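input.cif (mmCIF, C-alpha atoms)
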```
data_model
#
loop_
_atom_site.group_PDB
_atom_site.id
_atom_site.type_symbol
_atom_site.label_atom_id
_atom_site.label_comp_id
_atom_site.auth_asym_id
_atom_site.auth_seq_id
_atom_site.Cartn_x
_atom_site.Cartn_y
_atom_site.Cartn_z
ATOM 1 C CA MET A 946 0.000 0.000 0.000
ATOM 2 C CA GLY A 947 1.024 3.625 -0.357
ATOM 3 C CA HIS A 948 1.596 6.375 2.167
ATOM 4 C CA SER A 949 -0.026 6.007 5.615
ATOM 5 C CA ILE A 950 -2.584 8.627 6.671
ATOM 6 C CA PHE A 951 -0.521 9.190 9.812
ATOM 7 C CA THR A 952 2.003 7.444 12.027
ATOM 8 C CA GLY A 953 1.809 8.036 15.766
ATOM 9 C CA VAL A 954 -1.173 9.528 17.583
ATOM 10 C CA ALA A 955 -4.464 10.883 16.249
ATOM 11 C CA THR A 956 -6.654 12.524 18.872
ATOM 12 C CA ALA A 957 -10.281 11.396 18.755
ATOM 13 C CA ILE A 958 -11.238 14.903 19.763
ATOM 14 C CA VAL A 959 -14.170 15.807 21.999
ATOM 15 C CA THR A 960 -16.782 18.254 20.716
ATOM 16 C CA PRO A 961 -17.228 21.002 23.341
ATOM 17 C CA LEU A 962 -20.969 21.528 23.736
ATOM 18 C CA THR A 963 -23.347 23.809 25.577
ATOM 19 C CA GLU A 964 -27.113 23.642 25.924
ATOM 20 C CA SER A 965 -27.381 25.861 22.848
ATOM 21 C CA GLY A 966 -24.951 24.003 20.570
ATOM 22 C CA VAL A 967 -21.260 23.572 19.756
ATOM 23 C CA ASP A 968 -18.816 25.815 21.639
ATOM 24 C CA TYR A 969 -16.541 26.672 18.708
ATOM 25 C CA GLU A 970 -14.349 29.034 20.747
ATOM 26 C CA ALA A 971 -13.379 26.224 23.164
ATOM 27 C CA PHE A 972 -13.124 23.810 20.223
ATOM 28 C CA ALA A 973 -10.610 26.072 18.448
ATOM 29 C CA ARG A 974 -8.459 26.354 21.580
ATOM 30 C CA LEU A 975 -8.505 22.589 22.086
ATOM 31 C CA ILE A 976 -7.470 21.927 18.480
ATOM 32 C CA GLU A 977 -4.654 24.479 18.706
ATOM 33 C CA TRP A 978 -3.348 22.953 21.926
ATOM 34 C CA GLN A 979 -3.448 19.470 20.408
ATOM 35 C CA ILE A 980 -1.430 20.523 17.353
ATOM 36 C CA GLU A 981 1.051 22.541 19.459
ATOM 37 C CA SER A 982 1.480 19.458 21.670
ATOM 38 C CA GLY A 983 2.627 17.345 18.721
ATOM 39 C CA VAL A 984 -0.265 15.086 17.791
ATOM 40 C CA ASP A 985 -0.025 13.578 14.309
ATOM 41 C CA ALA A 986 -3.710 13.834 13.284
ATOM 42 C CA ILE A 987 -7.163 14.878 14.515
ATOM 43 C CA VAL A 988 -10.331 12.770 14.294
ATOM 44 C CA ALA A 989 -13.515 14.869 14.358
ATOM 45 C CA ALA A 990 -17.128 13.867 15.036
ATOM 46 C CA GLY A 991 -16.325 10.309 16.021
ATOM 47 C CA THR A 992 -17.575 8.461 19.096
ATOM 48 C CA THR A 993 -15.547 10.687 21.422
ATOM 49 C CA GLY A 994 -16.857 13.739 19.553
ATOM 50 C CA GLU A 995 -20.457 12.657 20.249
ATOM 51 C CA GLY A 996 -21.081 12.303 16.521
ATOM 52 C CA SER A 997 -24.136 10.118 17.163
ATOM 53 C CA THR A 998 -26.039 12.979 18.843
ATOM 54 C CA LEU A 999 -24.917 15.808 16.574
ATOM 55 C CA SER A 1000 -27.676 16.800 14.178
ATOM 56 C CA ASP A 1001 -26.930 16.333 10.480
ATOM 57 C CA LYS A 1002 -26.368 20.110 10.184
ATOM 58 C CA GLU A 1003 -24.057 20.177 13.220
ATOM 59 C CA HIS A 1004 -22.123 17.120 12.032
ATOM 60 C CA LYS A 1005 -21.350 18.827 8.728
ATOM 61 C CA GLU A 1006 -20.578 22.149 10.433
ATOM 62 C CA VAL A 1007 -18.142 20.414 12.809
ATOM 63 C CA ILE A 1008 -16.352 18.828 9.850
ATOM 64 C CA ASP A 1009 -16.187 22.210 8.048
ATOM 65 C CA PHE A 1010 -14.914 23.938 11.186
ATOM 66 C CA CYS A 1011 -12.242 21.330 11.902
ATOM 67 C CA VAL A 1012 -10.999 21.330 8.294
ATOM 68 C CA LYS A 1013 -10.541 25.116 8.449
ATOM 69 C CA GLN A 1014 -9.077 25.180 11.972
ATOM 70 C CA VAL A 1015 -6.588 22.355 11.355
ATOM 71 C CA ASN A 1016 -5.728 23.929 7.986
ATOM 72 C CA HIS A 1017 -3.577 21.074 6.622
ATOM 73 C CA ARG A 1018 -1.122 21.184 9.542
ATOM 74 C CA VAL A 1019 -1.959 17.565 10.358
ATOM 75 C CA PRO A 1020 -4.409 15.180 8.672
ATOM 76 C CA LEU A 1021 -8.057 15.783 9.579
ATOM 77 C CA ILE A 1022 -10.048 12.533 9.708
ATOM 78 C CA ALA A 1023 -13.845 12.851 9.678
ATOM 79 C CA GLY A 1024 -16.133 10.385 11.411
ATOM 80 C CA THR A 1025 -18.652 9.595 8.675
ATOM 81 C CA GLY A 1026 -19.785 6.070 9.543
ATOM 82 C CA SER A 1027 -23.387 5.195 10.324
ATOM 83 C CA ASN A 1028 -25.726 2.242 10.752
ATOM 84 C CA ASP A 1029 -27.463 3.633 7.642
ATOM 85 C CA THR A 1030 -25.123 3.040 4.705
ATOM 86 C CA ALA A 1031 -26.878 5.626 2.524
ATOM 87 C CA TYR A 1032 -26.349 8.298 5.200
ATOM 88 C CA ALA A 1033 -22.701 7.253 5.625
ATOM 89 C CA VAL A 1034 -22.261 7.671 1.849
ATOM 90 C CA GLU A 1035 -23.838 11.142 2.005
ATOM 91 C CA LEU A 1036 -21.661 12.232 4.957
ATOM 92 C CA THR A 1037 -18.535 10.793 3.334
ATOM 93 C CA GLU A 1038 -19.185 12.640 0.062
ATOM 94 C CA TYR A 1039 -19.752 15.833 2.045
ATOM 95 C CA ALA A 1040 -16.542 15.434 4.087
ATOM 96 C CA CYS A 1041 -14.505 14.723 0.947
ATOM 97 C CA LYS A 1042 -15.748 17.942 -0.678
ATOM 98 C CA ALA A 1043 -15.229 19.881 2.582
ATOM 99 C CA GLY A 1044 -11.537 18.972 2.516
ATOM 100 C CA ALA A 1045 -11.183 16.232 5.148
ATOM 101 C CA ASP A 1046 -8.081 14.110 4.528
ATOM 102 C CA ALA A 1047 -9.603 10.738 5.429
ATOM 103 C CA MET A 1048 -12.763 9.070 6.750
ATOM 104 C CA LEU A 1049 -13.354 6.944 9.855
ATOM 105 C CA LEU A 1050 -16.112 4.378 9.251
ATOM 106 C CA VAL A 1051 -17.594 2.581 12.242
ATOM 107 C CA THR A 1052 -19.301 -0.765 11.777
ATOM 108 C CA PRO A 1053 -23.118 -0.481 11.726
ATOM 109 C CA TYR A 1054 -24.581 -0.473 15.240
ATOM 110 C CA TYR A 1055 -27.945 -1.753 16.515
ATOM 111 C CA ASN A 1056 -29.129 -3.182 13.194
ATOM 112 C CA LYS A 1057 -25.649 -4.812 12.981
ATOM 113 C CA ALA A 1058 -24.965 -6.943 9.886
ATOM 114 C CA THR A 1059 -23.589 -10.241 8.674
ATOM 115 C CA GLN A 1060 -19.968 -10.221 7.494
ATOM 116 C CA ARG A 1061 -21.307 -10.024 3.924
ATOM 117 C CA GLY A 1062 -23.424 -7.020 4.901
ATOM 118 C CA LEU A 1063 -20.422 -5.325 6.537
ATOM 119 C CA ILE A 1064 -18.289 -5.887 3.452
ATOM 120 C CA GLU A 1065 -20.947 -4.600 1.053
ATOM 121 C CA SER A 1066 -21.645 -1.563 3.254
ATOM 122 C CA PHE A 1067 -17.984 -0.576 3.567
ATOM 123 C CA LEU A 1068 -17.399 -1.104 -0.156
ATOM 124 C CA ALA A 1069 -20.343 1.160 -1.001
ATOM 125 C CA ILE A 1070 -18.940 3.927 1.221
ATOM 126 C CA ALA A 1071 -15.391 3.469 -0.080
ATOM 127 C CA ASP A 1072 -16.666 3.631 -3.672
ATOM 128 C CA ALA A 1073 -18.298 6.988 -2.874
ATOM 129 C CA SER A 1074 -15.172 8.380 -1.218
ATOM 130 C CA SER A 1075 -12.423 10.301 -2.980
ATOM 131 C CA LYS A 1076 -10.273 10.066 0.181
ATOM 132 C CA PRO A 1077 -8.760 7.135 2.108
ATOM 133 C CA CYS A 1078 -10.971 5.313 4.603
ATOM 134 C CA ILE A 1079 -10.240 3.792 8.006
ATOM 135 C CA LEU A 1080 -12.489 0.938 9.130
ATOM 136 C CA TYR A 1081 -13.455 1.085 12.813
ATOM 137 C CA ASN A 1082 -14.086 -2.142 14.708
ATOM 138 C CA VAL A 1083 -15.514 -1.606 18.212
ATOM 139 C CA PRO A 1084 -17.812 -4.560 18.978
ATOM 140 C CA SER A 1085 -18.376 -3.560 22.628
ATOM 141 C CA ARG A 1086 -20.277 -0.497 21.394
ATOM 142 C CA THR A 1087 -21.824 -1.787 18.170
ATOM 143 C CA GLY A 1088 -22.590 -5.417 18.976
ATOM 144 C CA CYS A 1089 -20.887 -6.226 15.682
ATOM 145 C CA ASN A 1090 -17.405 -7.701 15.145
ATOM 146 C CA LEU A 1091 -15.545 -7.154 11.859
ATOM 147 C CA LEU A 1092 -13.620 -10.390 11.381
ATOM 148 C CA PRO A 1093 -10.013 -10.536 10.113
ATOM 149 C CA SER A 1094 -11.094 -12.362 6.936
ATOM 150 C CA SER A 1095 -13.491 -9.493 6.170
ATOM 151 C CA VAL A 1096 -10.765 -6.895 6.790
ATOM 152 C CA ALA A 1097 -8.526 -8.829 4.379
ATOM 153 C CA GLN A 1098 -11.211 -8.677 1.660
ATOM 154 C CA LEU A 1099 -11.853 -4.986 2.254
ATOM 155 C CA ALA A 1100 -8.128 -4.181 2.174
ATOM 156 C CA LYS A 1101 -8.189 -4.939 -1.567
ATOM 157 C CA HIS A 1102 -10.215 -1.738 -2.156
ATOM 158 C CA PRO A 1103 -7.841 1.126 -3.046
ATOM 159 C CA ASN A 1104 -9.647 3.568 -0.718
ATOM 160 C CA ILE A 1105 -9.635 1.274 2.343
ATOM 161 C CA VAL A 1106 -6.186 1.783 3.815
ATOM 162 C CA ALA A 1107 -6.441 1.220 7.573
ATOM 163 C CA VAL A 1108 -8.396 -0.264 10.448
ATOM 164 C CA LYS A 1109 -8.904 1.158 13.930
ATOM 165 C CA GLU A 1110 -9.023 -1.944 16.107
ATOM 166 C CA ALA A 1111 -10.883 -1.573 19.399
ATOM 167 C CA SER A 1112 -12.034 -5.166 19.819
ATOM 168 C CA GLY A 1113 -9.565 -5.590 22.679
ATOM 169 C CA ASN A 1114 -8.770 -9.033 21.250
ATOM 170 C CA ILE A 1115 -5.022 -9.135 20.634
ATOM 171 C CA SER A 1116 -5.263 -12.557 18.979
ATOM 172 C CA GLN A 1117 -7.790 -11.193 16.469
ATOM 173 C CA ILE A 1118 -5.595 -8.159 15.770
ATOM 174 C CA ALA A 1119 -2.600 -10.444 15.220
ATOM 175 C CA GLU A 1120 -4.683 -12.375 12.689
ATOM 176 C CA VAL A 1121 -5.529 -9.120 10.846
ATOM 177 C CA ALA A 1122 -1.799 -8.341 10.687
ATOM 178 C CA ALA A 1123 -0.991 -11.854 9.450
ATOM 179 C CA LEU A 1124 -3.720 -11.904 6.781
ATOM 180 C CA CYS A 1125 -3.303 -8.337 5.518
ATOM 181 C CA LYS A 1126 0.454 -7.875 5.869
ATOM 182 C CA ASP A 1127 1.277 -4.457 4.362
ATOM 183 C CA GLU A 1128 -2.083 -4.100 2.572
ATOM 184 C CA ILE A 1129 -3.640 -2.227 5.500
ATOM 185 C CA ASP A 1130 -2.434 -0.093 8.420
ATOM 186 C CA ILE A 1131 -3.575 -1.025 11.914
ATOM 187 C CA TYR A 1132 -4.225 1.613 14.580
ATOM 188 C CA SER A 1133 -4.992 0.858 18.199
ATOM 189 C CA GLY A 1134 -8.460 1.983 19.223
ATOM 190 C CA ASN A 1135 -7.745 1.257 22.897
ATOM 191 C CA ASP A 1136 -5.355 3.448 24.873
ATOM 192 C CA ASP A 1137 -4.342 0.572 27.159
ATOM 193 C CA GLN A 1138 -3.131 -1.437 24.132
ATOM 194 C CA ILE A 1139 -1.013 1.105 22.236
ATOM 195 C CA ILE A 1140 2.307 -0.712 22.741
ATOM 196 C CA PRO A 1141 0.918 -4.256 22.233
ATOM 197 C CA ILE A 1142 -0.717 -3.283 18.932
ATOM 198 C CA MET A 1143 2.333 -1.370 17.678
ATOM 199 C CA SER A 1144 4.399 -4.473 18.501
ATOM 200 C CA LEU A 1145 2.201 -6.322 15.976
ATOM 201 C CA GLY A 1146 3.096 -3.752 13.325
ATOM 202 C CA GLY A 1147 0.501 -1.113 14.222
ATOM 203 C CA LYS A 1148 1.125 2.434 12.994
ATOM 204 C CA GLY A 1149 -0.083 4.157 16.177
ATOM 205 C CA VAL A 1150 -3.297 4.980 18.001
ATOM 206 C CA ILE A 1151 -6.562 6.845 17.541
ATOM 207 C CA SER A 1152 -6.665 8.057 21.108
ATOM 208 C CA VAL A 1153 -9.035 9.335 23.772
ATOM 209 C CA LEU A 1154 -6.121 9.726 26.210
ATOM 210 C CA SER A 1155 -4.416 12.309 23.990
ATOM 211 C CA ASN A 1156 -7.273 14.764 24.593
ATOM 212 C CA VAL A 1157 -5.776 15.021 28.091
ATOM 213 C CA CYS A 1158 -2.102 14.037 27.627
ATOM 214 C CA PRO A 1159 -1.225 14.742 23.974
ATOM 215 C CA LYS A 1160 2.522 15.254 24.544
ATOM 216 C CA LYS A 1161 2.994 12.035 26.494
ATOM 217 C CA THR A 1162 0.844 9.978 24.104
ATOM 218 C CA ALA A 1163 2.811 11.335 21.125
ATOM 219 C CA GLN A 1164 6.087 10.730 22.973
ATOM 220 C CA MET A 1165 5.086 7.114 23.693
ATOM 221 C CA CYS A 1166 4.638 6.477 19.967
ATOM 222 C CA LYS A 1167 7.849 8.315 19.025
ATOM 223 C CA LEU A 1168 9.909 6.351 21.568
ATOM 224 C CA PHE A 1169 8.513 3.081 20.226
ATOM 225 C CA PHE A 1170 9.195 3.937 16.582
ATOM 226 C CA ASN A 1171 12.690 5.176 17.481
ATOM 227 C CA GLY A 1172 13.452 1.787 19.011
ATOM 228 C CA ASP A 1173 13.170 2.719 22.695
ATOM 229 C CA ILE A 1174 10.615 0.024 23.507
ATOM 230 C CA LYS A 1175 11.365 0.102 27.247
ATOM 231 C CA GLY A 1176 10.861 3.873 27.372
ATOM 232 C CA ALA A 1177 7.583 3.589 25.454
ATOM 233 C CA LEU A 1178 6.368 0.788 27.713
ATOM 234 C CA LYS A 1179 7.261 2.805 30.807
ATOM 235 C CA LEU A 1180 5.017 5.635 29.575
ATOM 236 C CA GLN A 1181 2.198 3.212 28.684
ATOM 237 C CA LEU A 1182 2.244 1.821 32.226
ATOM 238 C CA GLU A 1183 2.670 5.238 33.856
ATOM 239 C CA LEU A 1184 -0.475 6.439 32.073
ATOM 240 C CA LEU A 1185 -2.492 3.272 32.774
ATOM 241 C CA PRO A 1186 -4.254 4.606 35.928
ATOM 242 C CA LEU A 1187 -5.410 7.683 33.971
ATOM 243 C CA ILE A 1188 -6.476 5.513 31.029
ATOM 244 C CA ASN A 1189 -8.517 3.286 33.347
ATOM 245 C CA LEU A 1190 -10.234 6.336 34.850
ATOM 246 C CA LEU A 1191 -10.974 7.722 31.366
ATOM 247 C CA PHE A 1192 -12.896 4.507 30.691
ATOM 248 C CA CYS A 1193 -14.440 3.860 34.128
ATOM 249 C CA GLU A 1194 -17.695 5.183 32.648
ATOM 250 C CA VAL A 1195 -18.724 5.035 29.017
ATOM 251 C CA ASN A 1196 -16.598 7.193 26.693
ATOM 252 C CA PRO A 1197 -16.765 10.214 26.286
ATOM 253 C CA ILE A 1198 -18.249 10.885 29.755
ATOM 254 C CA PRO A 1199 -14.900 10.908 31.639
ATOM 255 C CA VAL A 1200 -12.851 12.658 28.936
ATOM 256 C CA LYS A 1201 -15.462 15.430 28.673
ATOM 257 C CA ALA A 1202 -15.090 15.957 32.445
ATOM 258 C CA ALA A 1203 -11.307 15.978 32.028
ATOM 259 C CA VAL A 1204 -11.107 18.549 29.219
ATOM 260 C CA SER A 1205 -13.635 20.708 31.035
ATOM 261 C CA ALA A 1206 -11.418 20.641 34.156
ATOM 262 C CA MET A 1207 -8.597 21.818 31.865
ATOM 263 C CA GLY A 1208 -10.648 24.808 30.693
ATOM 264 C CA PHE A 1209 -11.820 23.543 27.311
ATOM 265 C CA GLY A 1210 -15.547 24.188 27.539
ATOM 266 C CA GLU A 1211 -18.374 22.995 29.749
ATOM 267 C CA ASN A 1212 -18.758 19.515 31.170
ATOM 268 C CA TYR A 1213 -21.891 19.114 29.058
ATOM 269 C CA LEU A 1214 -23.031 15.968 27.266
ATOM 270 C CA ARG A 1215 -26.180 15.170 25.343
ATOM 271 C CA LEU A 1216 -28.606 12.562 26.592
ATOM 272 C CA PRO A 1217 -28.512 9.609 26.839
ATOM 273 C CA LEU A 1218 -25.015 10.484 28.153
ATOM 274 C CA THR A 1219 -24.886 12.197 31.536
ATOM 275 C CA ALA A 1220 -22.114 13.915 33.495
ATOM 276 C CA MET A 1221 -19.569 11.753 35.309
ATOM 277 C CA GLU A 1222 -20.439 10.428 38.770
ATOM 278 C CA LYS A 1223 -18.909 12.663 41.455
ATOM 279 C CA GLU A 1224 -16.800 9.947 43.104
ATOM 280 C CA HIS A 1225 -15.309 8.961 39.725
ATOM 281 C CA GLU A 1226 -14.687 12.581 38.767
ATOM 282 C CA GLU A 1227 -12.788 13.213 42.014
ATOM 283 C CA LYS A 1228 -10.491 10.247 41.288
ATOM 284 C CA LEU A 1229 -9.980 11.428 37.703
ATOM 285 C CA VAL A 1230 -9.098 14.992 38.766
ATOM 286 C CA SER A 1231 -6.742 13.620 41.456
ATOM 287 C CA GLU A 1232 -4.881 11.492 38.881
ATOM 288 C CA MET A 1233 -4.671 14.442 36.470
ATOM 289 C CA LYS A 1234 -3.108 16.537 39.265
ATOM 290 C CA LYS A 1235 -0.650 13.746 40.060
ATOM 291 C CA LEU A 1236 0.474 13.733 36.407
ATOM 292 C CA GLY A 1237 0.693 17.539 36.334
ATOM 293 C CA VAL A 1238 -2.080 17.878 33.748
ATOM 294 C CA ILE A 1239 -3.909 20.354 36.008
ATOM 295 C CA LYS A 1240 -2.840 22.149 39.198
#
```

Would you encode the structure as structure tokens?
Amino acid sequence: MGHSIFTGVATAIVTPLTESGVDYEAFARLIEWQIESGVDAIVAAGTTGEGSTLSDKEHKEVIDFCVKQVNHRVPLIAGTGSNDTAYAVELTEYACKAGADAMLLVTPYYNKATQRGLIESFLAIADASSKPCILYNVPSRTGCNLLPSSVAQLAKHPNIVAVKEASGNISQIAEVAALCKDEIDIYSGNDDQIIPIMSLGGKGVISVLSNVCPKKTAQMCKLFFNGDIKGALKLQLELLPLINLLFCEVNPIPVKAAVSAMGFGENYLRLPLTAMEKEHEEKLVSEMKKLGVIK
């Protein structure tokens, strides 16, 4: 395959929200801080960006805003997947025209699909895209597992260039690597598995953690790719308590609390998501202080 979309860390960025809509002032500051901190790409309007509860108009506006704010400094990857293939095609075509550099396509949720249905759906979206596409496998959220054999078939499409693997199943990810070889890039979709997945040939991580610790997450990847595996592993383990707290409630509940504590907008989520439980938030803030993220 050709050039990778990115190597290292892409932040699956939160969407700062208020009761009246998207807080673009806080969003701009968060994007600037991420880029200044050395992240290698930004993913907008994905799961962490509450893409599922953005209206169609907001979803497109967020993509437009992020394209302009990022301004080609790093790749901008737009979350355009859906459980409705026709809508995913529409969003993908829109994001391509808006200037996004790549698409992130989650497996269909709730209605799910057979492996044949997954393949046909992803091929239809990839056919409609003029930009590279990243498949996103997160069965704990979708109830749908994209099998390695299906990834191998999809990797033959010229626009399908990577997979974000958040199954948590290292054996399955190893099988993807074995079947696909250099036909597809693998990115970790779980912050507690960055080093294990890169050890299988992964190109980095699409990260929730890097919303909070972009420099350290980027450094972890750089150390690994520069051959300092022990240094990278040390950082992975040092950040593990924070990672666990960022996932002690469903994502993006904890990370929204974290970025809010850092001054990037309100701690506001749309139902059915609710603000983090107080006892969990206290532990999260305490760990952030211990790491020097906040005072």

Selection under test: the PyMOL selection byres ((chain A and resi 986) around 8); residues as a PyMOL selection string: chain A and resi 951+954-956+984-985+987-988+1019-1022

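Note that the spacing between atom CA of Leu1068 of chain A and atom CA of Ile1105 of chain A amounts to 8.5 Å.
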
Would you mind telling me which residue in A:Val1108, A:Leu1180, A:Leu1229, A:Cys1125 lies nearest to Gly1149 of chain A when using only C-alpha atoms? A:Val1108

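In terms of minimum interatomic distance to Tyr1039 of chain A, A:Ile1070 ranks closest within A:Met1207, A:Val1238, A:Ile1070, A:Val1015, counting only C-alpha atoms.
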
Residues picked by the PyMOL selection byres ((chain A and resi 979) around 12) here, as a ChimeraX atom specification? /A:954-959,972-978,980-988,1014-1015,1018-1019,1152,1154-1163,1204,1209

Since fewer atoms than expected are present, regenerate N, CA and C atoms for segment 964-976 of chain A and write them as a PDB file, in the coordinates of the input.
```pdb
ATOM      1  N   GLU A 964     -25.694  23.910  26.143  1.00  0.00           N
ATOM      2  CA  GLU A 964     -27.113  23.642  25.924  1.00  0.00           C
ATOM      3  C   GLU A 964     -27.584  24.166  24.572  1.00  0.00           C
ATOM      4  N   SER A 965     -26.921  25.230  24.093  1.00  0.00           N
ATOM      5  CA  SER A 965     -27.381  25.861  22.848  1.00  0.00           C
ATOM      6  C   SER A 965     -26.638  25.385  21.597  1.00  0.00           C
ATOM      7  N   GLY A 966     -25.649  24.508  21.758  1.00  0.00           N
ATOM      8  CA  GLY A 966     -24.951  24.003  20.570  1.00  0.00           C
ATOM      9  C   GLY A 966     -23.465  23.797  20.791  1.00  0.00           C
ATOM     10  N   VAL A 967     -22.711  23.805  19.700  1.00  0.00           N
ATOM     11  CA  VAL A 967     -21.260  23.572  19.756  1.00  0.00           C
ATOM     12  C   VAL A 967     -20.552  24.851  20.216  1.00  0.00           C
ATOM     13  N   ASP A 968     -19.623  24.688  21.149  1.00  0.00           N
ATOM     14  CA  ASP A 968     -18.816  25.815  21.639  1.00  0.00           C
ATOM     15  C   ASP A 968     -17.556  25.895  20.767  1.00  0.00           C
ATOM     16  N   TYR A 969     -17.646  26.639  19.670  1.00  0.00           N
ATOM     17  CA  TYR A 969     -16.541  26.672  18.708  1.00  0.00           C
ATOM     18  C   TYR A 969     -15.314  27.415  19.233  1.00  0.00           C
ATOM     19  N   GLU A 970     -15.500  28.331  20.160  1.00  0.00           N
ATOM     20  CA  GLU A 970     -14.349  29.034  20.747  1.00  0.00           C
ATOM     21  C   GLU A 970     -13.483  28.046  21.543  1.00  0.00           C
ATOM     22  N   ALA A 971     -14.109  27.240  22.396  1.00  0.00           N
ATOM     23  CA  ALA A 971     -13.379  26.224  23.164  1.00  0.00           C
ATOM     24  C   ALA A 971     -12.801  25.158  22.232  1.00  0.00           C
ATOM     25  N   PHE A 972     -13.558  24.825  21.202  1.00  0.00           N
ATOM     26  CA  PHE A 972     -13.124  23.810  20.223  1.00  0.00           C
ATOM     27  C   PHE A 972     -11.831  24.276  19.531  1.00  0.00           C
ATOM     28  N   ALA A 973     -11.800  25.525  19.120  1.00  0.00           N
ATOM     29  CA  ALA A 973     -10.610  26.072  18.448  1.00  0.00           C
ATOM     30  C   ALA A 973      -9.393  26.008  19.362  1.00  0.00           C
ATOM     31  N   ARG A 974      -9.572  26.371  20.626  1.00  0.00           N
ATOM     32  CA  ARG A 974      -8.459  26.354  21.580  1.00  0.00           C
ATOM     33  C   ARG A 974      -7.959  24.926  21.802  1.00  0.00           C
ATOM     34  N   LEU A 975      -8.891  23.991  21.881  1.00  0.00           N
ATOM     35  CA  LEU A 975      -8.505  22.589  22.086  1.00  0.00           C
ATOM     36  C   LEU A 975      -7.722  22.061  20.892  1.00  0.00           C
ATOM     37  N   ILE A 976      -8.184  22.364  19.693  1.00  0.00           N
ATOM     38  CA  ILE A 976      -7.470  21.927  18.480  1.00  0.00           C
ATOM     39  C   ILE A 976      -6.077  22.535  18.435  1.00  0.00           C
TER      40      ILE A 976
END
```
